[in-house]
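What follows is a single structure, written as structure tokens, with notes after it.
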Amino acid sequence: MERYSDYLLVVPINRGCTRLAGAMQGLSHDSINRFLEREDFEPRDLFNQVKGYLQLRGGTLSVDDTVLDKPYSNPEKNEWIGFHYSGKHQDVVKGICIVVLFYTDPKGLKMPVNWRIYHSALGKTKNGLFLEMLEEVLDWGLKPALVTGDSWYASLDNFKYLRRKRLNFLFAVESDRLISNAPKQYQNVSQVEVPQEGLWTHLKNFGFVTLFRQIQHEQARHYVYWRSDEQAASRRDFDKGHAEHWNIECFNRAFKQCCNAEHFLVRSEKAVQNHLFCAFVAFAKLEIMVRQQLQQNWYALQQQIEQTIIQNFIQLDALPKLNFTHTISMN
């Protein structure tokens, strides 16, 4: 696992087991392939890998899903591959959809702590996977101060579950969600005036929450914040929670661009799942390097490798010189 996760960090694009074997003395292509086919890494293994670095109480736990593009893969040869809506492409694309729980601890350390591959044939919705994963991390000892998510996960069932667990939450909601500031008089959240400091209001079929409005790209987005003490959330509460939820959006990009999550040549479900587990471990290594000030950010390692290649092969004149002064005869 250590070698393979390191490999995912340093190779520009993962070209599979043969490329890694060729770079490592005494390591065969088959041994790497057998590793991916043999192991049974589970989400709990990821949590165990990262929990020692985290402050498990008092952070922000965020949920989101992302699609790993696999445009040339055959869905008939791997059940994980399907057709999913991609926010990146603003369209339905072929790929693998994963649902991730991402934790930002009070010190600012950011780690994935649970994950699932989503596929409609498995008989579970993404919301169902979210609640399943949330229950797990709570059982494993995580005690977040706040749970955040986008509007896909803002169902009443999720809200009521979080309320039963006495977990503060902040979720985006669609513009047609109904609130009431007077008995039995409901309006869409988009139709009411929302002051900068938030609006204490009643969310239909749930209870009192604080509604916030944020203008992004000239469009209004709405969020509901519920506190377990049944008090109104402040603008400071919202700004902090909103900023920490953004960490999972940043993770989704870095997971693909820095950890080779999308790039693999194995086909079996088990091998794909083990590859993704190693990609999560690779990200954890990146975050630890940043926290220990060994790298400036998640992208710096690849930039450093690229600069080393330039220095070794261009600045040091390591490449052969060609003489283009001779006329080439075309007979």
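The chains in the structure tokens are called A, B, ... from first to last as shown; in each chain the residues are counted from 1, and the ligands are counted from 1 in the order shown.
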Would you mind listing, for every residue of stretch 102-195 of chain A within 8 Å of stretch 245-250 of chain A, the two atoms forming the shortest contact and the distance between them in Å to one decimal, using only C-alpha atoms, sorted by chain and ascending residue number, as CSV?
residue,atom,partner,partner_atom,distance
A:Phe102,CA,A:Ile248,CA,6.1
A:Thr104,CA,A:Asn247,CA,7.7
A:Lys110,CA,A:Asn247,CA,7.5
A:Thr148,CA,A:His245,CA,6.2
A:Gly149,CA,A:His245,CA,7.2
Using the selection just defined, write its residues with all heavy atoms as a PDB file, in the first residue's frame.
ATOM      1  N   PHE A 102     -15.783  14.147   4.720  1.00  0.00           N
ATOM      2  CA  PHE A 102     -14.508  14.850   4.825  1.00  0.00           C
ATOM      3  C   PHE A 102     -14.527  15.688   6.097  1.00  0.00           C
ATOM      4  O   PHE A 102     -15.482  16.427   6.342  1.00  0.00           O
ATOM      5  CB  PHE A 102     -14.332  15.748   3.598  1.00  0.00           C
ATOM      6  CG  PHE A 102     -12.944  16.299   3.421  1.00  0.00           C
ATOM      7  CD1 PHE A 102     -11.942  15.532   2.859  1.00  0.00           C
ATOM      8  CD2 PHE A 102     -12.641  17.601   3.806  1.00  0.00           C
ATOM      9  CE1 PHE A 102     -10.668  16.031   2.686  1.00  0.00           C
ATOM     10  CE2 PHE A 102     -11.380  18.117   3.640  1.00  0.00           C
ATOM     11  CZ  PHE A 102     -10.380  17.329   3.071  1.00  0.00           C
ATOM     12  N   THR A 104     -12.759  18.433   8.778  1.00  0.00           N
ATOM     13  CA  THR A 104     -11.823  19.508   9.097  1.00  0.00           C
ATOM     14  C   THR A 104     -11.787  19.646  10.604  1.00  0.00           C
ATOM     15  O   THR A 104     -12.801  19.999  11.220  1.00  0.00           O
ATOM     16  CB  THR A 104     -12.261  20.833   8.452  1.00  0.00           C
ATOM     17  OG1 THR A 104     -12.373  20.675   7.038  1.00  0.00           O
ATOM     18  CG2 THR A 104     -11.257  21.942   8.769  1.00  0.00           C
ATOM     19  N   LYS A 110      -7.223  18.541   7.487  1.00  0.00           N
ATOM     20  CA  LYS A 110      -8.338  18.156   6.628  1.00  0.00           C
ATOM     21  C   LYS A 110      -8.103  16.751   6.078  1.00  0.00           C
ATOM     22  O   LYS A 110      -7.104  16.525   5.392  1.00  0.00           O
ATOM     23  CB  LYS A 110      -8.486  19.170   5.489  1.00  0.00           C
ATOM     24  CG  LYS A 110      -8.712  20.593   5.982  1.00  0.00           C
ATOM     25  CD  LYS A 110      -8.759  21.597   4.849  1.00  0.00           C
ATOM     26  CE  LYS A 110      -7.365  21.963   4.355  1.00  0.00           C
ATOM     27  NZ  LYS A 110      -6.637  22.772   5.352  1.00  0.00           N
ATOM     28  N   THR A 148     -22.073  19.474   7.454  1.00  0.00           N
ATOM     29  CA  THR A 148     -22.439  20.339   6.335  1.00  0.00           C
ATOM     30  C   THR A 148     -22.639  19.514   5.065  1.00  0.00           C
ATOM     31  O   THR A 148     -22.097  18.413   4.923  1.00  0.00           O
ATOM     32  CB  THR A 148     -21.356  21.399   6.058  1.00  0.00           C
ATOM     33  OG1 THR A 148     -20.165  20.762   5.554  1.00  0.00           O
ATOM     34  CG2 THR A 148     -21.018  22.175   7.321  1.00  0.00           C
ATOM     35  N   GLY A 149     -23.419  20.066   4.144  1.00  0.00           N
ATOM     36  CA  GLY A 149     -23.635  19.403   2.866  1.00  0.00           C
ATOM     37  C   GLY A 149     -24.339  20.326   1.894  1.00  0.00           C
ATOM     38  O   GLY A 149     -24.822  21.394   2.262  1.00  0.00           O
TER      39      GLY A 149
END
Exercise. Taking the backbone alone, and naming residues the way the document does, which bits of stretch 39-252 of chain A are helix (DSSP H, G or I) by DSSP, as a PyMOL selection string?
Worked result: chain A and resi 43-53+75-77+120-122+126-139+151-153+156-164+189-191+235-252
For this session: Quick one: everything within 10 Å of A:Arg116, counting only C-alpha atoms, minus sequence neighbours fewer than 3 positions away in the same chain. Send it as a PyMOL selection string.
Result: chain A and resi 42-43+65+97-101+119+126+129-130+132-133+273
With N, CA, C and O atoms retained, write the just-selected residues as a PDB file, in the first residue's frame.
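again-v5.pdb was written with the following content:
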ATOM      1  N   GLU A  42     -11.236  -1.573   3.518  1.00  0.00           N
ATOM      2  CA  GLU A  42     -12.576  -1.084   3.808  1.00  0.00           C
ATOM      3  C   GLU A  42     -12.508   0.363   4.288  1.00  0.00           C
ATOM      4  O   GLU A  42     -11.432   0.847   4.671  1.00  0.00           O
ATOM      5  N   PRO A  43     -13.650   1.068   4.295  1.00  0.00           N
ATOM      6  CA  PRO A  43     -13.643   2.453   4.777  1.00  0.00           C
ATOM      7  C   PRO A  43     -13.079   2.603   6.191  1.00  0.00           C
ATOM      8  O   PRO A  43     -12.419   3.599   6.499  1.00  0.00           O
ATOM      9  N   ASP A  65     -20.421  14.305  -3.082  1.00  0.00           N
ATOM     10  CA  ASP A  65     -20.090  13.233  -4.019  1.00  0.00           C
ATOM     11  C   ASP A  65     -19.391  13.829  -5.220  1.00  0.00           C
ATOM     12  O   ASP A  65     -19.559  15.016  -5.538  1.00  0.00           O
ATOM     13  N   CYS A  97     -18.974   7.177  -9.381  1.00  0.00           N
ATOM     14  CA  CYS A  97     -19.434   8.176  -8.419  1.00  0.00           C
ATOM     15  C   CYS A  97     -19.069   7.710  -7.014  1.00  0.00           C
ATOM     16  O   CYS A  97     -19.386   6.577  -6.633  1.00  0.00           O
ATOM     17  N   ILE A  98     -18.388   8.564  -6.272  1.00  0.00           N
ATOM     18  CA  ILE A  98     -18.053   8.235  -4.889  1.00  0.00           C
ATOM     19  C   ILE A  98     -18.646   9.294  -3.961  1.00  0.00           C
ATOM     20  O   ILE A  98     -18.683  10.475  -4.286  1.00  0.00           O
ATOM     21  N   VAL A  99     -19.134   8.832  -2.819  1.00  0.00           N
ATOM     22  CA  VAL A  99     -19.652   9.712  -1.775  1.00  0.00           C
ATOM     23  C   VAL A  99     -18.624   9.728  -0.650  1.00  0.00           C
ATOM     24  O   VAL A  99     -18.156   8.670  -0.213  1.00  0.00           O
ATOM     25  N   VAL A 100     -18.262  10.929  -0.200  1.00  0.00           N
ATOM     26  CA  VAL A 100     -17.158  11.085   0.739  1.00  0.00           C
ATOM     27  C   VAL A 100     -17.610  11.876   1.957  1.00  0.00           C
ATOM     28  O   VAL A 100     -18.340  12.862   1.832  1.00  0.00           O
ATOM     29  N   LEU A 101     -17.160  11.436   3.130  1.00  0.00           N
ATOM     30  CA  LEU A 101     -17.229  12.254   4.342  1.00  0.00           C
ATOM     31  C   LEU A 101     -15.841  12.821   4.591  1.00  0.00           C
ATOM     32  O   LEU A 101     -14.866  12.070   4.669  1.00  0.00           O
ATOM     33  N   HIS A 119     -23.605   3.286  -6.784  1.00  0.00           N
ATOM     34  CA  HIS A 119     -24.130   2.771  -8.045  1.00  0.00           C
ATOM     35  C   HIS A 119     -25.594   2.416  -7.811  1.00  0.00           C
ATOM     36  O   HIS A 119     -25.931   1.761  -6.818  1.00  0.00           O
ATOM     37  N   LYS A 126     -27.733   7.888  -2.549  1.00  0.00           N
ATOM     38  CA  LYS A 126     -26.601   8.632  -1.986  1.00  0.00           C
ATOM     39  C   LYS A 126     -26.944   9.150  -0.592  1.00  0.00           C
ATOM     40  O   LYS A 126     -26.079   9.193   0.289  1.00  0.00           O
ATOM     41  N   LEU A 129     -26.479   6.262   1.730  1.00  0.00           N
ATOM     42  CA  LEU A 129     -25.059   6.037   1.998  1.00  0.00           C
ATOM     43  C   LEU A 129     -24.526   7.075   2.977  1.00  0.00           C
ATOM     44  O   LEU A 129     -23.710   6.752   3.853  1.00  0.00           O
ATOM     45  N   PHE A 130     -24.979   8.315   2.844  1.00  0.00           N
ATOM     46  CA  PHE A 130     -24.549   9.373   3.761  1.00  0.00           C
ATOM     47  C   PHE A 130     -24.897   9.013   5.206  1.00  0.00           C
ATOM     48  O   PHE A 130     -24.040   9.088   6.102  1.00  0.00           O
ATOM     49  N   GLU A 132     -25.572   6.099   6.452  1.00  0.00           N
ATOM     50  CA  GLU A 132     -24.825   4.895   6.841  1.00  0.00           C
ATOM     51  C   GLU A 132     -23.400   5.250   7.241  1.00  0.00           C
ATOM     52  O   GLU A 132     -22.891   4.780   8.273  1.00  0.00           O
ATOM     53  N   MET A 133     -22.755   6.094   6.447  1.00  0.00           N
ATOM     54  CA  MET A 133     -21.372   6.482   6.742  1.00  0.00           C
ATOM     55  C   MET A 133     -21.298   7.355   7.986  1.00  0.00           C
ATOM     56  O   MET A 133     -20.365   7.250   8.787  1.00  0.00           O
ATOM     57  N   GLN A 273     -11.612  -0.715  -6.169  1.00  0.00           N
ATOM     58  CA  GLN A 273     -11.847  -0.240  -4.809  1.00  0.00           C
ATOM     59  C   GLN A 273     -10.531  -0.104  -4.043  1.00  0.00           C
ATOM     60  O   GLN A 273     -10.327   0.875  -3.312  1.00  0.00           O
TER      61      GLN A 273
END
For this session: Would you list the contacts of A:Trp226 as a PyMOL selection string, taking every protein, DNA or RNA residue within 9 Å and counting only C-alpha atoms, but skipping same-chain residues closer than 3 positions in sequence?
Result: chain A and resi 159+163+167-170+208-210+229-233
May I have the residues from that selection written out with all heavy atoms, as a JSON list (two decimals), in the first residue's frame?
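Result file follows (part-v2.json):
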[["chain", "number", "residue", "atom", "x", "y", "z"],
["A", 159, "PHE", "N", -32.18, 15.79, 8.06],
["A", 159, "PHE", "CA", -32.26, 16.82, 9.10],
["A", 159, "PHE", "C", -32.77, 16.22, 10.42],
["A", 159, "PHE", "O", -32.24, 16.53, 11.49],
["A", 159, "PHE", "CB", -33.19, 17.95, 8.66],
["A", 159, "PHE", "CG", -32.63, 18.83, 7.59],
["A", 159, "PHE", "CD1", -33.39, 19.87, 7.05],
["A", 159, "PHE", "CD2", -31.34, 18.66, 7.12],
["A", 159, "PHE", "CE1", -32.88, 20.70, 6.07],
["A", 159, "PHE", "CE2", -30.81, 19.48, 6.13],
["A", 159, "PHE", "CZ", -31.59, 20.51, 5.60],
["A", 163, "ARG", "N", -30.86, 15.97, 14.00],
["A", 163, "ARG", "CA", -31.47, 16.53, 15.21],
["A", 163, "ARG", "C", -31.53, 15.49, 16.33],
["A", 163, "ARG", "O", -31.25, 15.81, 17.49],
["A", 163, "ARG", "CB", -32.86, 17.07, 14.90],
["A", 163, "ARG", "CG", -33.56, 17.72, 16.09],
["A", 163, "ARG", "CD", -34.83, 18.42, 15.68],
["A", 163, "ARG", "NE", -35.80, 17.51, 15.08],
["A", 163, "ARG", "CZ", -36.95, 17.90, 14.52],
["A", 163, "ARG", "NH1", -37.26, 19.19, 14.49],
["A", 163, "ARG", "NH2", -37.77, 17.02, 13.99],
["A", 167, "LEU", "N", -26.70, 17.02, 16.54],
["A", 167, "LEU", "CA", -25.58, 17.51, 15.75],
["A", 167, "LEU", "C", -25.97, 18.80, 15.04],
["A", 167, "LEU", "O", -26.94, 18.82, 14.25],
["A", 167, "LEU", "CB", -25.15, 16.46, 14.71],
["A", 167, "LEU", "CG", -24.48, 15.20, 15.26],
["A", 167, "LEU", "CD1", -24.35, 14.14, 14.16],
["A", 167, "LEU", "CD2", -23.11, 15.52, 15.84],
["A", 168, "ASN", "N", -25.26, 19.87, 15.30],
["A", 168, "ASN", "CA", -25.48, 21.10, 14.55],
["A", 168, "ASN", "C", -25.27, 20.83, 13.06],
["A", 168, "ASN", "O", -24.38, 20.06, 12.69],
["A", 168, "ASN", "CB", -24.49, 22.19, 14.99],
["A", 168, "ASN", "CG", -24.58, 22.50, 16.47],
["A", 168, "ASN", "OD1", -25.60, 22.25, 17.11],
["A", 168, "ASN", "ND2", -23.51, 23.05, 17.00],
["A", 169, "PHE", "N", -26.06, 21.50, 12.22],
["A", 169, "PHE", "CA", -25.85, 21.27, 10.79],
["A", 169, "PHE", "C", -26.09, 22.53, 9.98],
["A", 169, "PHE", "O", -26.86, 23.44, 10.37],
["A", 169, "PHE", "CB", -26.72, 20.12, 10.26],
["A", 169, "PHE", "CG", -28.21, 20.33, 10.33],
["A", 169, "PHE", "CD1", -28.87, 21.12, 9.40],
["A", 169, "PHE", "CD2", -28.97, 19.69, 11.31],
["A", 169, "PHE", "CE1", -30.24, 21.29, 9.42],
["A", 169, "PHE", "CE2", -30.35, 19.85, 11.35],
["A", 169, "PHE", "CZ", -30.98, 20.65, 10.42],
["A", 170, "LEU", "N", -25.41, 22.58, 8.83],
["A", 170, "LEU", "CA", -25.55, 23.67, 7.86],
["A", 170, "LEU", "C", -25.63, 23.03, 6.47],
["A", 170, "LEU", "O", -24.69, 22.35, 6.04],
["A", 170, "LEU", "CB", -24.34, 24.61, 7.93],
["A", 170, "LEU", "CG", -24.21, 25.64, 6.80],
["A", 170, "LEU", "CD1", -25.37, 26.63, 6.82],
["A", 170, "LEU", "CD2", -22.87, 26.37, 6.90],
["A", 208, "PHE", "N", -37.66, 25.19, 13.77],
["A", 208, "PHE", "CA", -37.02, 26.48, 13.58],
["A", 208, "PHE", "C", -35.54, 26.32, 13.22],
["A", 208, "PHE", "O", -34.81, 25.51, 13.82],
["A", 208, "PHE", "CB", -37.17, 27.33, 14.83],
["A", 208, "PHE", "CG", -38.54, 27.94, 14.97],
["A", 208, "PHE", "CD1", -39.53, 27.30, 15.70],
["A", 208, "PHE", "CD2", -38.84, 29.13, 14.32],
["A", 208, "PHE", "CE1", -40.80, 27.84, 15.80],
["A", 208, "PHE", "CE2", -40.11, 29.69, 14.41],
["A", 208, "PHE", "CZ", -41.10, 29.05, 15.17],
["A", 209, "VAL", "N", -35.14, 27.11, 12.23],
["A", 209, "VAL", "CA", -33.76, 27.14, 11.75],
["A", 209, "VAL", "C", -33.39, 28.59, 11.46],
["A", 209, "VAL", "O", -34.27, 29.47, 11.45],
["A", 209, "VAL", "CB", -33.58, 26.30, 10.46],
["A", 209, "VAL", "CG1", -33.89, 24.83, 10.69],
["A", 209, "VAL", "CG2", -34.46, 26.87, 9.33],
["A", 210, "THR", "N", -32.12, 28.84, 11.21],
["A", 210, "THR", "CA", -31.69, 30.15, 10.74],
["A", 210, "THR", "C", -31.41, 30.05, 9.25],
["A", 210, "THR", "O", -30.64, 29.19, 8.80],
["A", 210, "THR", "CB", -30.43, 30.63, 11.46],
["A", 210, "THR", "OG1", -30.63, 30.53, 12.87],
["A", 210, "THR", "CG2", -30.13, 32.09, 11.11],
["A", 229, "ASP", "N", -28.81, 23.68, 20.52],
["A", 229, "ASP", "CA", -29.35, 24.41, 21.67],
["A", 229, "ASP", "C", -30.62, 25.17, 21.32],
["A", 229, "ASP", "O", -31.14, 25.93, 22.15],
["A", 229, "ASP", "CB", -28.30, 25.36, 22.25],
["A", 229, "ASP", "CG", -27.82, 26.41, 21.24],
["A", 229, "ASP", "OD1", -28.39, 26.47, 20.12],
["A", 229, "ASP", "OD2", -26.86, 27.14, 21.55],
["A", 230, "GLU", "N", -31.11, 24.96, 20.09],
["A", 230, "GLU", "CA", -32.36, 25.57, 19.61],
["A", 230, "GLU", "C", -32.28, 27.09, 19.54],
["A", 230, "GLU", "O", -33.31, 27.77, 19.51],
["A", 230, "GLU", "CB", -33.55, 25.17, 20.51],
["A", 230, "GLU", "CG", -33.72, 23.67, 20.69],
["A", 230, "GLU", "CD", -34.22, 22.95, 19.46],
["A", 230, "GLU", "OE1", -34.64, 23.64, 18.52],
["A", 230, "GLU", "OE2", -34.18, 21.71, 19.43],
["A", 231, "GLN", "N", -31.06, 27.64, 19.47],
["A", 231, "GLN", "CA", -30.88, 29.08, 19.35],
["A", 231, "GLN", "C", -30.55, 29.44, 17.90],
["A", 231, "GLN", "O", -30.10, 28.60, 17.12],
["A", 231, "GLN", "CB", -29.76, 29.56, 20.27],
["A", 231, "GLN", "CG", -30.01, 29.28, 21.75],
["A", 231, "GLN", "CD", -31.24, 30.01, 22.26],
["A", 231, "GLN", "OE1", -31.41, 31.21, 22.06],
["A", 231, "GLN", "NE2", -32.13, 29.26, 22.92],
["A", 232, "ALA", "N", -30.75, 30.71, 17.57],
["A", 232, "ALA", "CA", -30.42, 31.18, 16.22],
["A", 232, "ALA", "C", -28.90, 31.15, 16.00],
["A", 232, "ALA", "O", -28.13, 31.45, 16.91],
["A", 232, "ALA", "CB", -30.96, 32.59, 16.01],
["A", 233, "ALA", "N", -28.50, 30.77, 14.79],
["A", 233, "ALA", "CA", -27.10, 30.81, 14.43],
["A", 233, "ALA", "C", -26.71, 32.24, 14.03],
["A", 233, "ALA", "O", -27.52, 32.99, 13.48],
["A", 233, "ALA", "CB", -26.82, 29.86, 13.28]]
For this session: Give me, please, the distance in Å between atom CA of A:Ser86 and atom CA of A:Val67, quoted to one decimal.
Result: 6.1 Å
For this session: Identify, on the basis of only C-alpha atoms, every residue whose closest approach to A:Val224 does not exceed 12 Å; exclude the query and any residue fewer than 3 positions from it along the same chain; express the result as a PyMOL selection string.
Result: chain A and resi 147-151+154-156+159+168-175+177-179+189+194+198-203+206-214+221+227+232-235+237-238+241-242
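For the pair atom CA of A:Lys285 and atom CA of A:Gln307, the interatomic distance is 20.6 Å.
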Problem set entry | Among listed residues A:Pro183, A:Ala284, A:Leu265, A:Glu244, nearest A:Phe47 (using only C-alpha atoms) | A:Ala284
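Straight-line separation from atom CA of A:Glu39 to atom CA of A:His275: 10.1 Å.
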For this session: Name all residues at most 10 Å from A:Asp40 (count only C-alpha atoms; drop same-chain ones fewer than 5 positions away) and give them as a list in words.
Result: Phe35, Asp45, Lys270, Ala271, Gln273, Asn274 and Phe277 of chain A
Any chance you can output those residues with N, CA and C atoms as a PDB file, in the first residue's frame?
ATOM      1  N   PHE A  35      -1.560  -7.484  -5.605  1.00  0.00           N
ATOM      2  CA  PHE A  35      -1.875  -6.658  -4.434  1.00  0.00           C
ATOM      3  C   PHE A  35      -3.246  -6.002  -4.587  1.00  0.00           C
ATOM      4  N   ASP A  45     -10.639   1.086   7.417  1.00  0.00           N
ATOM      5  CA  ASP A  45      -9.174   1.113   7.299  1.00  0.00           C
ATOM      6  C   ASP A  45      -8.675   2.530   7.011  1.00  0.00           C
ATOM      7  N   LYS A 270     -12.964  -5.248  -7.070  1.00  0.00           N
ATOM      8  CA  LYS A 270     -12.089  -5.233  -5.906  1.00  0.00           C
ATOM      9  C   LYS A 270     -10.834  -4.415  -6.186  1.00  0.00           C
ATOM     10  N   ALA A 271     -10.231  -4.601  -7.359  1.00  0.00           N
ATOM     11  CA  ALA A 271      -9.008  -3.870  -7.683  1.00  0.00           C
ATOM     12  C   ALA A 271      -9.253  -2.372  -7.764  1.00  0.00           C
ATOM     13  N   GLN A 273     -11.612  -0.715  -6.169  1.00  0.00           N
ATOM     14  CA  GLN A 273     -11.847  -0.240  -4.809  1.00  0.00           C
ATOM     15  C   GLN A 273     -10.531  -0.104  -4.043  1.00  0.00           C
ATOM     16  N   ASN A 274      -9.613  -1.053  -4.222  1.00  0.00           N
ATOM     17  CA  ASN A 274      -8.313  -0.956  -3.552  1.00  0.00           C
ATOM     18  C   ASN A 274      -7.479   0.194  -4.100  1.00  0.00           C
ATOM     19  N   PHE A 277      -8.856   3.316  -2.483  1.00  0.00           N
ATOM     20  CA  PHE A 277      -8.410   3.394  -1.098  1.00  0.00           C
ATOM     21  C   PHE A 277      -6.991   3.956  -1.038  1.00  0.00           C
TER      22      PHE A 277
END
Problem set entry | Backbone-only DSSP, strand (DSSP E) members of stretch 33-192 of chain A, as number ranges by chain | A: 60-69, 82-86, 91-104, 110-118, 146-149, 169-173, 178-182, 185-188
Problem set entry | Of the listed residues A:Leu134, A:Ala282, A:Ala300, A:Val93, that which approaches A:Tyr72 most closely, counting only C-alpha atoms | A:Val93
Seminar exercise, completed: Shortest contact to A:Glu79, candidates A:Arg57, A:Lys107, A:Lys184, A:Arg267, atoms counted only C-alpha atoms, goes to A:Arg267
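Between A:Asn114 and the candidates A:Arg291, A:Lys256, A:Lys51, A:His222, the tightest atom-to-atom separation, counting only C-alpha atoms, involves A:Lys51.
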